[in-house]
Every structure is written in C-alpha cells, then in structure tokens.
Amino acid sequence: MAERGEPGRAAPGAGGTPLVRRRWVRIAVPLAAFLLALAAWEAVVRIAQIPHYILPAPSLIAATLRDNFGSLLPSWLYTLKITFLALLLAVAGGVLLALVIALNEWVELGLFPFAVVLQVTPVIAIAPLIIIFVPSTTAALLLCAWIVAFFPILSNTVIGLRSADLNLRDLYRLYRASPWQTLRLLLIPSAMPYFIAGLKVAGGLSLIGAVVAEFTAGAAGKETGLASRILEASFRTEIPKMFAALVLVSLTGIAIHLAFNLLSRLVLGHWHESESRGER
Amino acid sequence: MTSIATKFIAVAALLVGAAAAFPQEKVVFATNWKAQAGHGGFYQALADGTYKKYGLDVEIQQGGPQVNNRPLLPTGKIDFLMAGNLLQSFDNVKNGVPTIVVASIFQKDPQAIFAHPGQGYASFKDLVRAPTAFIGKDGQFSFWQWMKAEYGFRDEAIKPYMFNVGPFLADKQSIQQGYSIEEPLSIKAQAGFDPLVFLLADNGFSTYSTTIETRLDMVRDKPETVRKFVEASILGWYNYLYGDNKAANALIRRANPEMTEANLAGSLGLMKKLGIVDSGEALAQGIGAMSQARIKDFYDKMVKAGLYKPGEVDLSKVATTQFVDKGVGLDLKKKLGAR
Amino acid sequence: MDTLLELADVGKRYGNGTLAVQSLSLAIGEHEFVSFLGPSGCGKSTVLRLIAGLSPVSQGTITWRGGAPHRDAHALGFVFQEPTLMPWATVFDNVWLPLRLAGRPRAAARAGVAAALANVGLAEFAGAYPRELSGGMKMRVSIARTMVSRPRLLLLDEPFAALDEMTRFRLNDDTLALWQAQRFTALFVTHSVYEAVYLSKRIVVMAARPGRMLADIHVDEPYPRQAGWRATARYNALCVQVSQALQAASAAQADAGAGHG
C-alpha cells in the first residue's frame, strides 16, 4: 500500500530540469553578465578617453592589483581576520543571549532595549568614541564590526527559538521532556533556518562594520586592513589603487555570501522549504 | 525724447555697462581643515569684497577630520584646493594627475608634534621613544612617512588621532600632531599647561604649506582666473594680518561654530610670532612667494629620506611661479602701517 | 467494564472569559472507543486537551483509576490534526521520539520503532524525511509514533480531517485494527457523523457556546467492522439518529446564542 508523493508536475522543455535550474547555467549566466558589464566599462573608458584619475578602466585596475598585490595582500588578510573574528564573537554572543532571552521573559524585558539601541545607533557615529576609549585599535575595530553583526543573529535566533511548532511543543510536554531535551531536540532545530538567515545577513554586515570602522580610524599601527589602503590611495589621488582595493573588498563580500549559501544548503537542504529545488 | 528720459536711459546704460564690465565668475575653493585663523586671508578676501572686486564669486568649502577634498580637484568638482604640504603635490605629479601648485601662503609649515613637559622629551629625536603617537589620517600618509624614514618613528606607536586632545591629555607619555598656531591654544585652554612644540620645519621638513593647487587646464585655458584668485587671496592675507579682520573672523566662526574669538586672536599672534606667513622670500616678493630652488631642495631631502626615488617626480610640473613673486600687496602692507 | 477515567463537573474558562466547556460529567471505560462529535466551538478538542493534561481545568475533577497517568509518561498518546512531525528528522527519529525522551537509546529502541512502523505499513520508509511523504503517510507516521510507547489511552483530535476520503477510509480501518490488536482506550474527536458511527462504540454529542454534552449515543454494531457495513440500512439509520442529535445540538446552540444576542 505504498504511495510516494504526487506525480511530478510536467516539466517545461524536453523532460527533466528546466534550463534555468541546471547547475552549469546557474554559474555561467551570472558570470557572462558580469564579464559583459566589465567589457562595456572598458569600452566606455577607452572611447570617451576618461582619465585614470576619474574612472580607471578594468584593465588598468587589474594591472594595478597585480602590481600592488604584495602590499595589498597583508591588508586583505587583516580585514578578513577582523571580519571573521567579529562574526565568530557575534555568533557566540548572539546565540547565547538568544537562548537566555527565549527561555526567560524577565531577561528579555531587561536586556532587549539595550540590544535595540545598539542596533539602531549608526556605527559610523559611535566608531570615533569607541576608538578613543578602547586601548587597542584592533580591539576597537573588532568591537565595531561585532556591534553590527550581533543584532541580526540575536534577533533571528530569538524568533527562531520561539517559532517551534505549538503542537510539537505540546507533544514534548506530554512526554515529559526535560527543558534541556526540549531545547536540544526541538527548539534548536526549529531555530536553525532563522539562525542561518541571520548569519547570512551578519556575514556581510561584519565585513561592512570592519571596513567602516577602519575608515573612521585611519591606519592603526603595523597591521592595517583594506580600508586603510583605500584611504591612503584616496589621499594620494591614486584612484586605480582605490579601485583595486575595493575589488578585494567586493570579492570578500561575494565569498562570504557564497560560503553561507553553501552552509545553508548543507544544514537545511534535506528538510527546509527554503532549500527545496526540483519538482515536488 | 525729453531730457529726463535721456538721463534715465543714460544711467540705465551705465549700470548695465557696469554690470557687464564686472561679470562674477564662480569658483570653488576647498580647504583641508575646518575654518580657522590659518585660513584667515581667504575668508578676509571673501568678507571685505576683494574677490568680488576682482570679478570672482568665490565659495569656500571646508575640509575636516573625516573629509578628504583632494579627489575633487582633478575631477573638476572644485577649482582650487588648499594643500598642507608638497608631498601630496609630488604624489599627484608622480601618478600623472594633472594638478599644479600656483602659490604658497605659508613660508613655514606649522605642522608640529606636541609632547607633555617633564617627560624627558628634550629634542625631536627623543619623540621616537614615545609609546603612543596620535596621528590623523592625512598625516599618516604624508609627513609621518617622512618621520619614519628620517628619524625612525615606528608604525606600532600610531593611534588614530580623532581630533580630540583628550587622549593626549590623559596619556602623559604620548605625543600628538597639530598645528603650532592652533593646538597649543586649545591645550592651554583645556588643561592649563603649555605643551612642548616640535616644529617639523625646524627639523628638516622644509616644505611649503597652505599652498594653492589648481588643475593644469585652468592654468592653460583660464590663466586670468587663476591670477585673479591668487592675487585677491594675497591681498586678503595682508588685510587679515595687518588690517581690520573682524568680518573675516565672523565668517570663520559662522563656518566653524566651535572656533572662539580668543582662539582666532591667539592663532593670529602665533602666526606672526613664528613667521609662518610673512617671512623669508615673502618679505621681498609678497605673500605667496615660491622658488623652484626651494622645492627642489625639499624634494632632495625627501629622496634622501627614501620617500621617493631620484628623478621619480618631474619637478618642473609640480609648481609654477608665474602668478606669484611679483610683489603684489607690498604697497597695501605699507599702507596698513605694518612692520 | 471497568472505568478508566471519570470527569466530574469539569469546566474550562479561558483567560479572555470564553467558557469553552461547561460542567461536563462523563465516565470512560477501559478499551472503549468513544467519539466526541459536535459543531466547531463545542469544546470537544478542549476536553481532549484537559484529559491529556495539556490545559488545567477551571473547575471539577478528572479522576483516573489507578492514579493519574501524568506520572507515567507512556500512558497517554495524542494524535493531532496535523501530522506534527519534526521536519528535520527522519521517520525513524520521529517515531523514536517518545522512547528517546524517556531515556531509551537508539539501539535499544530500534525493535520497537520497527514494529510500530510495520504496524502502519511503513517499514521501508524509516530513513525517509517527512518532506518526501504524502499526507496520509505522514499521518500514519504520527500514529506509529503514538503507538511506540504502548499507551493505555489514545487521544485523537480530528486526525483524518485534512485527508482525502479514500485515505480517510483506509486509515479508519487501520485505526480500528490497531485498537483491536493493542487494546487501548480511544477518545476520537470528529465533526463527521459517518466517521463517528463507523468507528465508535459510543458517541458523545456536544453543543457549543457554552460547550456541553447533549447526548450519549450507544452504537451496537459488533467489532470487527468491515467497510461493507457502511452500505447497510442499520448504519444509515444510526447515522440519521446521530444527525438528528447533532441538529438538536446546533439548535440548542442557536437558542443559547439568541438568548445572549
């Protein structure tokens, strides 16, 4: 008496996955669009003879990147270090606080206003204050990046922990599950999709926070990140170098985005609607 | 036609003709800091109508701690730019950015490093020992590079200067950057002591300062505009230093509300005492004077310090003296009874 | 037949003032199959939740023979209207849950889970995820989960309402078969007269606003009941009788409503 699903909806095209869903298409099309845009940019700069200190051509930016890679690489690694460390701390802090808040309403009442204030205050306004008061500049940058990354994780995880199916919660109560069992087996898996969504947001924000904070601080001793390189290039009117450093920032942002998409697929792929693909 | 109508038409024609004879050309001048006495001459020329008399409708755009006006010049968003030292002009020529220096208001760079007294900092060299140096973004990428190369200052000591003297006051062993005509006044006012002042110019940093930069195409296509702006600015500086500068100070305070009258007066006094503006070549050639020899001398010093390779910068492209060294304003100075 | 539990003057008023159940008195015997039938809002689901201990009573008492089962986590089973499966867990892990919460590790529970799945005909789907199953299959997993702890009392809250008729009929028969084999007591909430008559020994008809019992109808047909019984005159007569009781319930509700109008 086994049934298995409904018969699949008829797929458009010659039976099988539609073209827009095929793996190679999903990589090739964005790449082609991007290359097309780059070609157009190069053409415009050459035809209109736009000077390099106003808008450099992609070929010049690439050459600048190659020539300066030796000095840009340590800065890139530093920015990566701050971004990921801040993200790690934001996850730790956000998840811990979310657990405490979701399980205890008094704590929520007391702490949430502070978290909200922290989130709505633009980091570019508090960065100068933080840099003055925090002894180590690296610590100050970490703190700024942490502030922007922390709230989405906290907020999403709290909602996630509270979004466990009501009937399932009744079921757990019926079977006398301990609070720890309910947390481990029900609340945390229920919260996963929300947490991962928050993580995707926080990943990008962490990079932005690190860059913005460093813009405000300027160079900070021996170790400096990409933002300092951008600042330096702008003060020296080395526009192609500015763009080269910006390219590295963008690549980092894209890499973060892709990495968390992959994580989402690994963790949620086998069961959550957000990762469902193919026919039903 | 009646005689009244004739007179009316004649007066009208005269007025129209007068207006036509003085068309107001709009130019934008950006400074590199918030309005202060060190920009006084420019605000003076604006306040007392000197720019207007020369046919220029000048807008002064302030700089500031988070502001970088430099890219605005080559892109055409501004017409004239104030630069704090020659290093950035060298960089522009090195990178093929078509800008050029047309005047130097300061004969001496007032950039200095300040330290607390009684901490054992007797000479500039001693400052290398300081565990913390508060240096701002602009400085980090210009004169700090020279300090590192020439004297061995280390990047590890840098902490970002947030343009607040508080951290310097709190840490007695720290040093910070500043203008010798500005910060000593605010430090004295806030903390009641006179800081030790180490002028970079006295220790080998012999650059011109508060220069006026413009685009090469301005010099080539609109030299009259450049000349008018430079000369009107020079006259403004004489009036600010030796004449009635009340209106200029009022403009400065409107642009920068945190500036006080006492600060402006004190700063002006220091400018005169330290011979920042009207000294050296300016005494004979007028404020704004420049000599290619001195520019080359400064460049050689920077090459020796390792900031540039010899011949990396085509010095003929850095500055032009066609608009200065003409003695403009000297008679005004005599008229104002200045010594 | 021994009494399993007794409701005496049980009432439930919610925090917002709604009187969901008004003074219900009822005795449930061991191994009975009792249906609660009534229009929406008559409190039938609330009664189930009160018995399950998921909601506290506002008045009255519920007494169990042999002490409240609330000390014994395995004595009760609850089947919700939705399958209520954990979507991130396999069918095996979902069915294992009651045993796992009681401390039984996976290896020790394997036999029991396999048996429960076999009983609902899903033995080879132990490794599947709920997303891969149809509605009827998910409901059967839900039933298997409930059975794995061998409950004394099984509470079912309109479990087949969301399924198509053929699946519903099949699950009706499966439920009866399980009930006969495992000998538990079943309390079944439904809004379908036909389902109530087919399945139960007793039908408690309830009216709404406030929720109260109006009739307690006995269904004489012996077990096991075959699908063919649906076509008999006796079945239809019973359905008519129960329908009339249900209409009386609706009328009583309308009167009550008019009274407060």
# chains A, B, ... in the order shown; residues from 1 in each chain; ligands from 1

$ select_by_dssp --residues "stretch 230-290 of chain B" --states "alpha helix (DSSP H)" --output "ChimeraX atom specification"
/B:230-242,246-255,261-273,281-285

$ interface_residues --of "chain B" --to "chain A" --cutoff "7 Å" --atoms "only C-alpha atoms" --output "NGL selection string"
:B and (68 or 70-71 or 75 or 88 or 91-92 or 95 or 97 or 137-138 or 141 or 155-160 or 162 or 167)

$ residues_around --residues "C:Arg106" --least-positions-apart "6" --cutoff "12 Å" --atoms "only C-alpha atoms" --output "VMD selection string"
chain C and resid 92 to 100 112 to 114

$ residues_around --residues "stretch 167-182 of chain C" --least-positions-apart "6" --cutoff "10 Å" --atoms "only C-alpha atoms" --output "ChimeraX atom specification"
/C:31-33,119-121,135-137,139-140,143,147,150-152,154,159-161,195,198-200,223-227

$ write_last_selection --atoms "C-alpha atoms" --output "mmCIF file, in the first residue's frame"
data_model
loop_
_atom_site.group_PDB
_atom_site.id
_atom_site.type_symbol
_atom_site.label_atom_id
_atom_site.label_comp_id
_atom_site.auth_asym_id
_atom_site.auth_seq_id
_atom_site.Cartn_x
_atom_site.Cartn_y
_atom_site.Cartn_z
ATOM 1 C CA HIS C 31 -10.967 -0.436 25.991
ATOM 2 C CA GLU C 32 -13.864 1.749 24.871
ATOM 3 C CA PHE C 33 -13.830 3.590 21.555
ATOM 4 C CA ASN C 119 2.048 -1.896 12.066
ATOM 5 C CA VAL C 120 1.174 1.110 9.922
ATOM 6 C CA GLY C 121 2.696 -0.383 6.797
ATOM 7 C CA GLY C 135 -0.331 13.483 3.779
ATOM 8 C CA GLY C 136 -1.687 10.054 4.526
ATOM 9 C CA MET C 137 1.738 8.583 5.075
ATOM 10 C CA MET C 139 -0.418 10.778 9.457
ATOM 11 C CA ARG C 140 0.475 7.098 9.702
ATOM 12 C CA ILE C 143 0.124 7.211 14.628
ATOM 13 C CA MET C 147 1.843 3.630 19.376
ATOM 14 C CA ARG C 150 2.158 1.417 24.034
ATOM 15 C CA PRO C 151 -0.247 3.916 25.579
ATOM 16 C CA ARG C 152 -3.222 2.992 27.726
ATOM 17 C CA LEU C 154 -5.065 7.225 22.842
ATOM 18 C CA PRO C 159 -6.681 13.254 12.793
ATOM 19 C CA PHE C 160 -8.041 12.481 9.333
ATOM 20 C CA ALA C 161 -9.891 15.722 8.620
ATOM 21 C CA GLU C 195 -16.848 8.582 10.805
ATOM 22 C CA TYR C 198 -18.291 3.764 11.754
ATOM 23 C CA LEU C 199 -15.584 3.798 14.380
ATOM 24 C CA SER C 200 -17.146 4.134 17.814
ATOM 25 C CA TYR C 223 -16.299 -5.499 16.053
ATOM 26 C CA PRO C 224 -14.500 -6.085 13.786
ATOM 27 C CA ARG C 225 -16.378 -3.741 11.476
ATOM 28 C CA GLN C 226 -15.927 -4.116 7.750
ATOM 29 C CA ALA C 227 -16.109 -1.479 5.073
#

$ residues_around --residues "C:Ala207" --least-positions-apart "6" --cutoff "9 Å" --atoms "only C-alpha atoms" --output "short mmCIF file (atom, residue, chain, number, x, y, z; two decimals) with C-alpha atoms, in the first residue's frame"
data_model
loop_
_atom_site.label_atom_id
_atom_site.label_comp_id
_atom_site.auth_asym_id
_atom_site.auth_seq_id
_atom_site.Cartn_x
_atom_site.Cartn_y
_atom_site.Cartn_z
CA LEU C 37 -18.97 14.81 17.93
CA GLY C 38 -20.15 18.38 17.60
CA PRO C 39 -20.02 21.67 15.68
CA SER C 40 -16.93 23.84 15.92
CA GLY C 41 -16.60 25.65 19.19
CA CYS C 42 -18.35 22.94 21.17
CA GLY C 43 -15.26 22.27 23.23
CA MET C 213 -22.75 17.35 26.43
CA LEU C 214 -26.19 16.90 24.95
CA LEU C 246 -26.40 16.82 16.15
CA ALA C 248 -30.62 19.31 18.17
CA ALA C 249 -27.20 20.34 19.38
CA SER C 250 -26.99 23.09 16.78
CA ALA C 251 -30.49 24.26 17.65
CA ALA C 252 -29.63 24.34 21.33
CA GLN C 253 -26.62 26.40 20.46
#

$ closest_atom_pairs --of "chain C" --to "chain A" --cutoff "6 Å" --atoms "only C-alpha atoms" --output "JSON lines"
{"residue": "C:Ala73", "atom": "CA", "partner": "A:Tyr175", "partner_atom": "CA", "distance": 5.2}
{"residue": "C:Pro87", "atom": "CA", "partner": "A:Trp271", "partner_atom": "CA", "distance": 5.9}
{"residue": "C:Trp88", "atom": "CA", "partner": "A:Trp271", "partner_atom": "CA", "distance": 5.4}
{"residue": "C:Leu101", "atom": "CA", "partner": "A:Ala177", "partner_atom": "CA", "distance": 5.7}
{"residue": "C:Leu133", "atom": "CA", "partner": "A:Gly5", "partner_atom": "CA", "distance": 5.8}
{"residue": "C:Ser134", "atom": "CA", "partner": "A:Gly5", "partner_atom": "CA", "distance": 5.1}

$ atom_distance --atom1 "atom CA of B:Gln44" --atom2 "atom CA of B:Asn239"
7.0 Å

$ residues_around --residues "stretch 216-219 of chain C" --least-positions-apart "2" --cutoff "7 Å" --atoms "only C-alpha atoms" --output "list in words"
Val197, Ser200, Lys201, Arg202, Ile203, Val204, Val205 and Glu221 of chain C

$ atom_distance --atom1 "atom CA of A:Leu80" --atom2 "atom CA of A:Ser59"
25.4 Å

$ select_by_dssp --residues "stretch 68-238 of chain C" --states "strand (DSSP E)" --output "VMD selection string"
chain C and resid 76 to 79 153 to 157 185 to 190 202 to 207 212 to 218

$ residues_around --residues "B:Gly269" --least-positions-apart "3" --cutoff "12 Å" --atoms "only C-alpha atoms" --output "PyMOL selection string"
chain B and resi 37-38+180-182+185+240-242+262-266+272-277

$ atom_distance --atom1 "atom CA of B:Leu73" --atom2 "atom CA of B:Ile100"
10.4 Å

$ closest_residue --among "B:Lys26, B:Arg215, B:Lys326, B:Lys77" --to "B:Gln285" --atoms "only C-alpha atoms"
B:Lys326
